[in-house]
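Notes to accompany the following structure.
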Amino acid sequence: MRRPGSYVALEELGRQRLSRHFEMRNFMTSEIANFHGIQNFPDRPEFALEVGRQFAVWLLEPLVETFGPVDIRSGYRSPEMNRFGATHVKPQKCARNEASHANHIWDRCDSKGRKGVCVTVGIPWFAPQYRDGRDWRDLAWWLYDHLDFQEVRFFPRNAAFNMSWRSADRERRILSYIHPRGTLAAPGMTPDPGRAERYGDFPPFRGINYPGIPGERS
């Protein structure tokens, strides 16, 4: 699949299914791109679809199956759009392009040659609890114990988080801009031994049973 050169081709790209609950179109929406009239779709669609499918299957589907629908705040960013967000939008909304390869810019490898994806995710099941005073670390430790991510970075608004994945050498970091700010988990750090008690009232992992799809393998 080539970079879309027409509306029809872009529509076809958007309808490419990444996993049971997600299509590519779910990840190409951008307020920056919409407002400033910048195209936000991949130069290398097959590359983006490949890594997007792995991210959606291994990280997003377990969230949906456990907590119900999730919010996708920011997903794929084209190099042009990301550069604009890093240099023209105040406050700065995007990291520089080189730091965003194999991150929000899905169709570029990072400096170590790894493929990767980053998506900003919100959990509507958890957000009202957080607004009522629940500690964001309850969700953070659940993610740590159940998902094989590269990095998670929490934000104050509704405890949404950037979740990234790499094709190799995943470092498993959790960082936060919410108090207590800083690093919660990283290589060499001992995770909280009592962390499972923090999320003891969470739904069972993959706790929602959706109707089966005829002909779909389990």
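Going through the structure tokens in order, the chains are called A, B, and so on, while each chain numbers its residues from 1 and the ligands are numbered from 1 in the order shown.
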Test item, strand (DSSP E) assignment across segment 116-157 of chain A, answer as JSON, numbers by chain | {"A": [116, 117, 118, 119, 120, 121, 122, 151, 152, 153, 154]}
Check which residues of segment 75-182 of chain A sit at most 10 Å from segment 186-200 of chain A using only C-alpha atoms, and return one row each with the closest pair of atoms and their distance in Å to one decimal, ordered by chain and rising number, as JSON lines.
```
{"residue": "A:Asp135", "atom": "CA", "partner": "A:Arg198", "partner_atom": "CA", "distance": 9.0}
{"residue": "A:Arg137", "atom": "CA", "partner": "A:Arg198", "partner_atom": "CA", "distance": 8.1}
{"residue": "A:Asp138", "atom": "CA", "partner": "A:Arg198", "partner_atom": "CA", "distance": 5.1}
{"residue": "A:Leu139", "atom": "CA", "partner": "A:Tyr199", "partner_atom": "CA", "distance": 7.0}
{"residue": "A:Ala140", "atom": "CA", "partner": "A:Tyr199", "partner_atom": "CA", "distance": 9.4}
{"residue": "A:Trp141", "atom": "CA", "partner": "A:Arg195", "partner_atom": "CA", "distance": 6.2}
{"residue": "A:Trp142", "atom": "CA", "partner": "A:Tyr199", "partner_atom": "CA", "distance": 6.5}
{"residue": "A:Tyr144", "atom": "CA", "partner": "A:Pro191", "partner_atom": "CA", "distance": 9.1}
{"residue": "A:Asp145", "atom": "CA", "partner": "A:Ala196", "partner_atom": "CA", "distance": 8.4}
{"residue": "A:Glu151", "atom": "CA", "partner": "A:Ala186", "partner_atom": "CA", "distance": 9.0}
{"residue": "A:Arg170", "atom": "CA", "partner": "A:Pro187", "partner_atom": "CA", "distance": 9.9}
{"residue": "A:Glu171", "atom": "CA", "partner": "A:Pro187", "partner_atom": "CA", "distance": 6.4}
{"residue": "A:Arg172", "atom": "CA", "partner": "A:Ala186", "partner_atom": "CA", "distance": 6.0}
{"residue": "A:Arg173", "atom": "CA", "partner": "A:Ala186", "partner_atom": "CA", "distance": 4.4}
{"residue": "A:Ile174", "atom": "CA", "partner": "A:Ala186", "partner_atom": "CA", "distance": 6.6}
{"residue": "A:Leu175", "atom": "CA", "partner": "A:Ala186", "partner_atom": "CA", "distance": 8.6}
```
Kindly export the residues of the current selection with C-alpha atoms, as an mmCIF file, in the first residue's frame.
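File written: selection.cif
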```
data_model
loop_
_atom_site.group_PDB
_atom_site.id
_atom_site.type_symbol
_atom_site.label_atom_id
_atom_site.label_comp_id
_atom_site.auth_asym_id
_atom_site.auth_seq_id
_atom_site.Cartn_x
_atom_site.Cartn_y
_atom_site.Cartn_z
ATOM 1 C CA ASP A 135 -4.378 7.548 43.267
ATOM 2 C CA ARG A 137 -0.606 4.718 40.848
ATOM 3 C CA ASP A 138 -3.398 2.151 41.303
ATOM 4 C CA LEU A 139 -3.851 2.098 37.526
ATOM 5 C CA ALA A 140 -0.122 2.423 36.872
ATOM 6 C CA TRP A 141 0.705 -0.716 38.812
ATOM 7 C CA TRP A 142 -2.108 -2.627 37.071
ATOM 8 C CA TYR A 144 2.869 -2.741 34.988
ATOM 9 C CA ASP A 145 1.650 -6.188 36.025
ATOM 10 C CA GLU A 151 6.988 3.195 28.676
ATOM 11 C CA ARG A 170 11.487 -2.951 26.130
ATOM 12 C CA GLU A 171 12.654 -1.034 29.198
ATOM 13 C CA ARG A 172 9.379 -1.011 31.154
ATOM 14 C CA ARG A 173 9.291 2.512 32.580
ATOM 15 C CA ILE A 174 6.443 4.373 34.287
ATOM 16 C CA LEU A 175 6.753 8.137 34.668
#
```
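For the set A:Ala56, A:Val51, A:Val64, A:Cys94, the residue with the smallest atom-to-atom gap to Ser167 of chain A is A:Val51, counting only C-alpha atoms.
The residue that comes closest to Pro62 of chain A, out of A:Phe205, A:Phe84, A:Phe154, A:Trp136 and on the basis of only C-alpha atoms, is A:Phe205.
Counting from atom CA of Gly37 of chain A, the distance to atom CA of Gly14 of chain A is 18.0 Å.
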